[in-house]
Each structure stands twice: as structure tokens, then as C-alpha cells.
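Below: one structure, written as C-alpha cells.
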Amino acid sequence: MEGLPVTPYLVPQDCGMHMDTKWVEVTRDMVLNNADRRREDFSLKFYAEGEGFAFSCLPYTAQELENAFHQEELPPARRTVVCIYGAVRGVGGIDSWGTDVEEEYHVYGDRDYSVSFYIGV
């Protein structure tokens, strides 16, 4: 994945969810090393331990996206926000007329879900 996509919807919202991921590497080329004030590349790798995970990688926090009514109300992109998920509830319907998702894709609110991953440099 290259860049940090934010879909230009009229009202900003969460986007870019990636499912069933075994690993992802996130690289920033604008990291400021506070020890000597140099800019240098920096990468983190996230590896699934067992089953894959879902993730999003955006330049905004969920709160920043929820508080903006228009794209121009988003702050300047100055960070990378990586979210790792074990389960994701979403639209996922078979059609747009209210048919529920198939049983294998249900995520129930009364069950515990877990995900295991490790982070490497």
C-alpha cells in the first residue's frame, strides 16, 4: 500500500479498511529524529500471529474524522494512525435492500473476539 488514502467524500469518514491481512509495513519518510534533528525514513511491520487481521492506516484519528463536516475542516496530515482489528462490523449486506450478511460474516456484540499480532522494525 502506498500513500495514505482518504476518500474525498462530501463528509469525511473512516475508509480504507483492509481485511484478512497477514502482514503490513508502514513507512514514514518524514520522521524527525529529536536527538539530532535529522529527517529519516522509519518503518514498522505488523505481522499476524495465526489468523489474519483487519487494519486501516490513515493520516487522521477517528475523532478528527468524526468532527469534520467537510474535507477542508480536517487538520494538516502530520501523523500516521494505524488501527489493527480482530473483527469488523460493516455494511457487508448481500444487496442494498436490507438482506443480512451471510452467517459466516456475522460479528456479534455479545461475544469476545481476539487477534494476535507482533510489531517489528
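Residue numbers start at 1 in each chain; chains themselves are named A, B, ... in the order of the C-alpha cells; ligands are numbered from 1 in the order shown.
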| message | I need the helix (DSSP H, G or I) residues of segment 71-117 of chain A per DSSP on the backbone, written as a ChimeraX atom specification. | response | /A:71-73,103-105
Write a file of the selected residues as a PDB file, in the first residue's frame, keeping all heavy atoms.
```pdb
ATOM      1  N   GLN A  71     -14.058  18.213   4.022  1.00  0.00           N
ATOM      2  CA  GLN A  71     -12.637  17.879   3.882  1.00  0.00           C
ATOM      3  C   GLN A  71     -11.725  18.998   4.386  1.00  0.00           C
ATOM      4  O   GLN A  71     -10.724  18.750   5.030  1.00  0.00           O
ATOM      5  CB  GLN A  71     -12.309  17.574   2.413  1.00  0.00           C
ATOM      6  CG  GLN A  71     -12.888  16.293   1.889  1.00  0.00           C
ATOM      7  CD  GLN A  71     -12.143  15.075   2.389  1.00  0.00           C
ATOM      8  OE1 GLN A  71     -10.940  15.112   2.597  1.00  0.00           O
ATOM      9  NE2 GLN A  71     -12.881  14.001   2.597  1.00  0.00           N
ATOM     10  N   GLU A  72     -12.089  20.241   4.078  1.00  0.00           N
ATOM     11  CA  GLU A  72     -11.214  21.358   4.462  1.00  0.00           C
ATOM     12  C   GLU A  72     -11.164  21.583   5.975  1.00  0.00           C
ATOM     13  O   GLU A  72     -10.345  22.363   6.460  1.00  0.00           O
ATOM     14  CB  GLU A  72     -11.610  22.647   3.731  1.00  0.00           C
ATOM     15  CG  GLU A  72     -13.006  23.130   3.998  1.00  0.00           C
ATOM     16  CD  GLU A  72     -14.071  22.531   3.060  1.00  0.00           C
ATOM     17  OE1 GLU A  72     -13.762  21.603   2.302  1.00  0.00           O
ATOM     18  OE2 GLU A  72     -15.203  23.005   3.115  1.00  0.00           O
ATOM     19  N   GLU A  73     -12.029  20.938   6.728  1.00  0.00           N
ATOM     20  CA  GLU A  73     -12.007  21.063   8.189  1.00  0.00           C
ATOM     21  C   GLU A  73     -11.056  20.065   8.841  1.00  0.00           C
ATOM     22  O   GLU A  73     -10.835  20.119  10.051  1.00  0.00           O
ATOM     23  CB  GLU A  73     -13.416  20.878   8.749  1.00  0.00           C
ATOM     24  CG  GLU A  73     -14.359  21.984   8.332  1.00  0.00           C
ATOM     25  CD  GLU A  73     -15.791  21.732   8.761  1.00  0.00           C
ATOM     26  OE1 GLU A  73     -16.093  20.652   9.301  1.00  0.00           O
ATOM     27  OE2 GLU A  73     -16.615  22.628   8.537  1.00  0.00           O
ATOM     28  N   GLU A 103     -24.115 -15.893   7.376  1.00  0.00           N
ATOM     29  CA  GLU A 103     -23.790 -16.306   8.750  1.00  0.00           C
ATOM     30  C   GLU A 103     -22.287 -16.262   9.045  1.00  0.00           C
ATOM     31  O   GLU A 103     -21.876 -15.804  10.106  1.00  0.00           O
ATOM     32  CB  GLU A 103     -24.332 -17.707   9.018  1.00  0.00           C
ATOM     33  CG  GLU A 103     -24.116 -18.197  10.431  1.00  0.00           C
ATOM     34  CD  GLU A 103     -24.829 -17.368  11.492  1.00  0.00           C
ATOM     35  OE1 GLU A 103     -25.905 -16.816  11.190  1.00  0.00           O
ATOM     36  OE2 GLU A 103     -24.307 -17.277  12.611  1.00  0.00           O
ATOM     37  N   GLU A 104     -21.463 -16.708   8.132  1.00  0.00           N
ATOM     38  CA  GLU A 104     -20.021 -16.753   8.393  1.00  0.00           C
ATOM     39  C   GLU A 104     -19.403 -15.367   8.582  1.00  0.00           C
ATOM     40  O   GLU A 104     -18.299 -15.246   9.112  1.00  0.00           O
ATOM     41  CB  GLU A 104     -19.288 -17.512   7.292  1.00  0.00           C
ATOM     42  CG  GLU A 104     -19.307 -16.813   5.941  1.00  0.00           C
ATOM     43  CD  GLU A 104     -18.581 -17.593   4.864  1.00  0.00           C
ATOM     44  OE1 GLU A 104     -17.358 -17.799   4.992  1.00  0.00           O
ATOM     45  OE2 GLU A 104     -19.257 -18.006   3.896  1.00  0.00           O
ATOM     46  N   TYR A 105     -20.100 -14.313   8.172  1.00  0.00           N
ATOM     47  CA  TYR A 105     -19.573 -12.958   8.281  1.00  0.00           C
ATOM     48  C   TYR A 105     -20.191 -12.156   9.431  1.00  0.00           C
ATOM     49  O   TYR A 105     -19.886 -10.972   9.584  1.00  0.00           O
ATOM     50  CB  TYR A 105     -19.758 -12.200   6.964  1.00  0.00           C
ATOM     51  CG  TYR A 105     -19.039 -12.869   5.818  1.00  0.00           C
ATOM     52  CD1 TYR A 105     -19.741 -13.515   4.815  1.00  0.00           C
ATOM     53  CD2 TYR A 105     -17.651 -12.878   5.766  1.00  0.00           C
ATOM     54  CE1 TYR A 105     -19.077 -14.147   3.771  1.00  0.00           C
ATOM     55  CE2 TYR A 105     -16.981 -13.500   4.734  1.00  0.00           C
ATOM     56  CZ  TYR A 105     -17.701 -14.141   3.736  1.00  0.00           C
ATOM     57  OH  TYR A 105     -17.037 -14.751   2.716  1.00  0.00           O
TER      58      TYR A 105
END
```
Dump as JSON lines the rows for residues of segment 60-113 of chain A within 9 Å of segment 4-21 of chain A: closest atom pair and distance in Å with one decimal, only C-alpha atoms counted, ordered by chain and rising residue number.
```
{"residue": "A:Ala62", "atom": "CA", "partner": "A:Asp14", "partner_atom": "CA", "distance": 7.0}
{"residue": "A:Leu65", "atom": "CA", "partner": "A:Gln13", "partner_atom": "CA", "distance": 5.5}
{"residue": "A:Glu66", "atom": "CA", "partner": "A:Gln13", "partner_atom": "CA", "distance": 6.6}
{"residue": "A:Asn67", "atom": "CA", "partner": "A:Pro12", "partner_atom": "CA", "distance": 8.8}
{"residue": "A:Ala68", "atom": "CA", "partner": "A:Pro12", "partner_atom": "CA", "distance": 6.4}
{"residue": "A:Phe69", "atom": "CA", "partner": "A:Val11", "partner_atom": "CA", "distance": 5.2}
{"residue": "A:His70", "atom": "CA", "partner": "A:Val11", "partner_atom": "CA", "distance": 5.0}
{"residue": "A:Gln71", "atom": "CA", "partner": "A:Pro12", "partner_atom": "CA", "distance": 5.9}
{"residue": "A:Leu74", "atom": "CA", "partner": "A:Pro12", "partner_atom": "CA", "distance": 8.2}
{"residue": "A:Thr80", "atom": "CA", "partner": "A:Leu4", "partner_atom": "CA", "distance": 8.1}
{"residue": "A:Tyr85", "atom": "CA", "partner": "A:Met19", "partner_atom": "CA", "distance": 9.0}
{"residue": "A:Val88", "atom": "CA", "partner": "A:Met19", "partner_atom": "CA", "distance": 8.7}
```
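Each of A:Val24, A:Ser56, A:Arg89, A:Val81 was compared to Tyr108 of chain A using only C-alpha atoms, and A:Arg89 turns out to be the nearest.
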Give the strand (DSSP E or B) residues of segment 38-121 of chain A, as assigned by DSSP on the backbone, as a compact mmCIF listing (two decimals) with all heavy atoms, in the first residue's frame.
```txt
# COMPACT_ATOMS: atom_id res chain seq x y z
N ARG A 38 17.55 15.27 12.47
CA ARG A 38 17.61 14.81 11.08
C ARG A 38 16.27 14.19 10.70
O ARG A 38 15.57 13.63 11.53
CB ARG A 38 18.67 13.71 10.92
CG ARG A 38 20.07 14.19 10.82
CD ARG A 38 21.03 13.06 10.51
NE ARG A 38 21.01 12.09 11.61
CZ ARG A 38 20.84 10.77 11.45
NH1 ARG A 38 20.67 10.26 10.27
NH2 ARG A 38 20.84 9.98 12.48
N ARG A 39 15.94 14.27 9.44
CA ARG A 39 14.78 13.56 8.92
C ARG A 39 15.27 12.23 8.38
O ARG A 39 16.29 12.17 7.70
CB ARG A 39 14.08 14.36 7.84
CG ARG A 39 13.43 15.61 8.38
CD ARG A 39 12.54 16.23 7.32
NE ARG A 39 11.94 17.45 7.80
CZ ARG A 39 10.80 17.51 8.49
NH1 ARG A 39 10.16 16.42 8.77
NH2 ARG A 39 10.32 18.66 8.89
N GLU A 40 14.54 11.18 8.69
CA GLU A 40 14.94 9.86 8.23
C GLU A 40 13.71 8.98 8.03
O GLU A 40 12.67 9.23 8.62
CB GLU A 40 15.89 9.21 9.24
CG GLU A 40 15.29 9.11 10.63
CD GLU A 40 16.29 8.65 11.67
OE1 GLU A 40 17.43 9.13 11.68
OE2 GLU A 40 15.91 7.80 12.50
N ASP A 41 13.85 7.98 7.16
CA ASP A 41 12.77 7.01 6.95
C ASP A 41 12.60 6.16 8.20
O ASP A 41 13.57 5.89 8.92
CB ASP A 41 13.09 6.09 5.77
CG ASP A 41 12.97 6.79 4.44
OD1 ASP A 41 12.55 7.96 4.42
OD2 ASP A 41 13.30 6.16 3.43
N PHE A 42 11.38 5.75 8.44
CA PHE A 42 11.09 4.88 9.58
C PHE A 42 9.96 3.93 9.18
O PHE A 42 8.97 4.37 8.60
CB PHE A 42 10.67 5.71 10.80
CG PHE A 42 10.31 4.87 11.98
CD1 PHE A 42 11.31 4.31 12.76
CD2 PHE A 42 8.99 4.63 12.30
CE1 PHE A 42 10.99 3.52 13.85
CE2 PHE A 42 8.66 3.85 13.39
CZ PHE A 42 9.66 3.29 14.17
N SER A 43 10.12 2.65 9.47
CA SER A 43 9.10 1.66 9.13
C SER A 43 8.75 0.81 10.33
O SER A 43 9.60 0.52 11.17
CB SER A 43 9.60 0.71 8.03
OG SER A 43 9.78 1.41 6.83
N LEU A 44 7.50 0.41 10.38
CA LEU A 44 7.02 -0.59 11.33
C LEU A 44 6.32 -1.67 10.52
O LEU A 44 5.59 -1.36 9.58
CB LEU A 44 6.02 0.00 12.33
CG LEU A 44 6.57 0.86 13.44
CD1 LEU A 44 5.42 1.41 14.29
CD2 LEU A 44 7.54 0.09 14.32
N LYS A 45 6.53 -2.93 10.92
CA LYS A 45 5.84 -4.04 10.27
C LYS A 45 4.94 -4.70 11.31
O LYS A 45 5.35 -4.91 12.45
CB LYS A 45 6.83 -5.07 9.73
CG LYS A 45 7.65 -4.55 8.57
CD LYS A 45 8.59 -5.62 8.04
CE LYS A 45 9.44 -5.07 6.91
NZ LYS A 45 10.38 -6.07 6.41
N PHE A 46 3.73 -4.99 10.90
CA PHE A 46 2.75 -5.66 11.75
C PHE A 46 2.51 -7.03 11.14
O PHE A 46 2.14 -7.13 9.97
CB PHE A 46 1.45 -4.86 11.81
CG PHE A 46 1.62 -3.48 12.36
CD1 PHE A 46 2.03 -2.43 11.55
CD2 PHE A 46 1.38 -3.22 13.70
CE1 PHE A 46 2.19 -1.15 12.05
CE2 PHE A 46 1.54 -1.94 14.22
CZ PHE A 46 1.95 -0.91 13.39
N TYR A 47 2.73 -8.09 11.92
CA TYR A 47 2.59 -9.46 11.45
C TYR A 47 1.48 -10.16 12.21
O TYR A 47 1.45 -10.11 13.45
CB TYR A 47 3.88 -10.26 11.68
CG TYR A 47 5.09 -9.71 10.99
CD1 TYR A 47 5.92 -8.80 11.63
CD2 TYR A 47 5.41 -10.11 9.71
CE1 TYR A 47 7.05 -8.31 11.00
CE2 TYR A 47 6.54 -9.62 9.06
CZ TYR A 47 7.35 -8.72 9.72
OH TYR A 47 8.48 -8.23 9.10
N ALA A 48 0.59 -10.84 11.48
CA ALA A 48 -0.45 -11.64 12.13
C ALA A 48 0.19 -12.86 12.77
O ALA A 48 1.10 -13.46 12.23
CB ALA A 48 -1.49 -12.08 11.11
N PHE A 53 -5.55 -10.26 10.31
CA PHE A 53 -6.24 -9.17 10.99
C PHE A 53 -6.76 -8.19 9.95
O PHE A 53 -6.41 -8.25 8.78
CB PHE A 53 -5.32 -8.47 11.99
CG PHE A 53 -4.02 -7.97 11.40
CD1 PHE A 53 -3.96 -6.77 10.69
CD2 PHE A 53 -2.85 -8.68 11.59
CE1 PHE A 53 -2.78 -6.31 10.16
CE2 PHE A 53 -1.65 -8.22 11.05
CZ PHE A 53 -1.61 -7.03 10.33
N ALA A 54 -7.58 -7.28 10.40
CA ALA A 54 -8.02 -6.16 9.56
C ALA A 54 -7.26 -4.94 10.04
O ALA A 54 -6.87 -4.84 11.20
CB ALA A 54 -9.53 -5.96 9.71
N PHE A 55 -7.03 -3.99 9.13
CA PHE A 55 -6.35 -2.76 9.56
C PHE A 55 -6.78 -1.59 8.68
O PHE A 55 -7.28 -1.76 7.58
CB PHE A 55 -4.82 -2.93 9.48
CG PHE A 55 -4.25 -2.75 8.10
CD1 PHE A 55 -3.78 -1.52 7.67
CD2 PHE A 55 -4.17 -3.81 7.23
CE1 PHE A 55 -3.25 -1.35 6.40
CE2 PHE A 55 -3.65 -3.67 5.95
CZ PHE A 55 -3.19 -2.42 5.53
N SER A 56 -6.58 -0.40 9.23
CA SER A 56 -6.68 0.83 8.45
C SER A 56 -5.45 1.66 8.78
O SER A 56 -4.86 1.52 9.86
CB SER A 56 -7.97 1.59 8.77
OG SER A 56 -7.93 2.11 10.08
N CYS A 57 -5.06 2.50 7.85
CA CYS A 57 -3.87 3.34 8.01
C CYS A 57 -4.20 4.69 7.38
O CYS A 57 -4.25 4.80 6.16
CB CYS A 57 -2.68 2.67 7.33
SG CYS A 57 -1.14 3.58 7.51
N LEU A 58 -4.48 5.67 8.22
CA LEU A 58 -4.93 6.98 7.75
C LEU A 58 -4.12 8.09 8.41
O LEU A 58 -3.52 7.89 9.46
CB LEU A 58 -6.41 7.16 8.08
CG LEU A 58 -7.37 6.16 7.44
CD1 LEU A 58 -8.76 6.33 8.04
CD2 LEU A 58 -7.41 6.34 5.95
N VAL A 81 -1.94 7.05 11.57
CA VAL A 81 -2.75 6.35 12.56
C VAL A 81 -3.04 4.96 12.02
O VAL A 81 -3.78 4.80 11.05
CB VAL A 81 -4.07 7.12 12.83
CG1 VAL A 81 -4.90 6.38 13.87
CG2 VAL A 81 -3.77 8.54 13.28
N VAL A 82 -2.44 3.95 12.64
CA VAL A 82 -2.64 2.55 12.24
C VAL A 82 -3.56 1.92 13.28
O VAL A 82 -3.29 1.97 14.47
CB VAL A 82 -1.32 1.77 12.18
CG1 VAL A 82 -1.56 0.32 11.80
CG2 VAL A 82 -0.35 2.44 11.23
N CYS A 83 -4.65 1.31 12.81
CA CYS A 83 -5.57 0.60 13.69
C CYS A 83 -5.62 -0.86 13.26
O CYS A 83 -5.80 -1.15 12.07
CB CYS A 83 -6.97 1.20 13.61
SG CYS A 83 -7.04 2.92 14.17
N ILE A 84 -5.42 -1.77 14.21
CA ILE A 84 -5.45 -3.21 13.97
C ILE A 84 -6.73 -3.75 14.60
O ILE A 84 -7.02 -3.46 15.76
CB ILE A 84 -4.23 -3.92 14.59
CG1 ILE A 84 -2.93 -3.29 14.12
CG2 ILE A 84 -4.28 -5.41 14.34
CD1 ILE A 84 -2.56 -3.57 12.69
N TYR A 85 -7.50 -4.54 13.84
CA TYR A 85 -8.79 -5.05 14.29
C TYR A 85 -8.85 -6.57 14.17
O TYR A 85 -8.37 -7.14 13.19
CB TYR A 85 -9.93 -4.48 13.45
CG TYR A 85 -10.00 -2.98 13.43
CD1 TYR A 85 -9.37 -2.26 12.42
CD2 TYR A 85 -10.69 -2.27 14.40
CE1 TYR A 85 -9.43 -0.88 12.38
CE2 TYR A 85 -10.76 -0.89 14.37
CZ TYR A 85 -10.13 -0.20 13.35
OH TYR A 85 -10.19 1.17 13.33
N PHE A 117 -0.94 -10.29 17.08
CA PHE A 117 0.00 -9.80 16.09
C PHE A 117 1.24 -9.32 16.80
O PHE A 117 1.25 -9.13 18.02
CB PHE A 117 -0.61 -8.68 15.23
CG PHE A 117 -0.93 -7.43 15.99
CD1 PHE A 117 -0.03 -6.38 16.05
CD2 PHE A 117 -2.15 -7.30 16.63
CE1 PHE A 117 -0.34 -5.23 16.75
CE2 PHE A 117 -2.48 -6.14 17.33
CZ PHE A 117 -1.57 -5.10 17.38
N TYR A 118 2.31 -9.18 16.07
CA TYR A 118 3.52 -8.61 16.64
C TYR A 118 4.04 -7.51 15.73
O TYR A 118 3.71 -7.46 14.55
CB TYR A 118 4.56 -9.66 16.99
CG TYR A 118 5.07 -10.50 15.84
CD1 TYR A 118 6.25 -10.17 15.20
CD2 TYR A 118 4.38 -11.64 15.43
CE1 TYR A 118 6.73 -10.93 14.14
CE2 TYR A 118 4.86 -12.41 14.37
CZ TYR A 118 6.03 -12.05 13.75
OH TYR A 118 6.50 -12.81 12.70
N ILE A 119 4.82 -6.64 16.32
CA ILE A 119 5.34 -5.47 15.62
C ILE A 119 6.85 -5.59 15.51
O ILE A 119 7.52 -5.90 16.49
CB ILE A 119 4.98 -4.17 16.37
CG1 ILE A 119 3.47 -4.07 16.56
CG2 ILE A 119 5.53 -2.96 15.64
CD1 ILE A 119 3.04 -2.94 17.47
N GLY A 120 7.37 -5.38 14.32
CA GLY A 120 8.81 -5.41 14.09
C GLY A 120 9.24 -4.14 13.37
O GLY A 120 8.44 -3.42 12.80
```
| task | Kindly indicate which residue among A:Lys22, A:Tyr113, A:Ala35, A:Asp29 lies nearest to Glu49 of chain A, using only C-alpha atoms for the distances. | result |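 Nearest candidate to Glu49 of chain A out of A:Lys22, A:Tyr113, A:Ala35, A:Asp29: A:Lys22.
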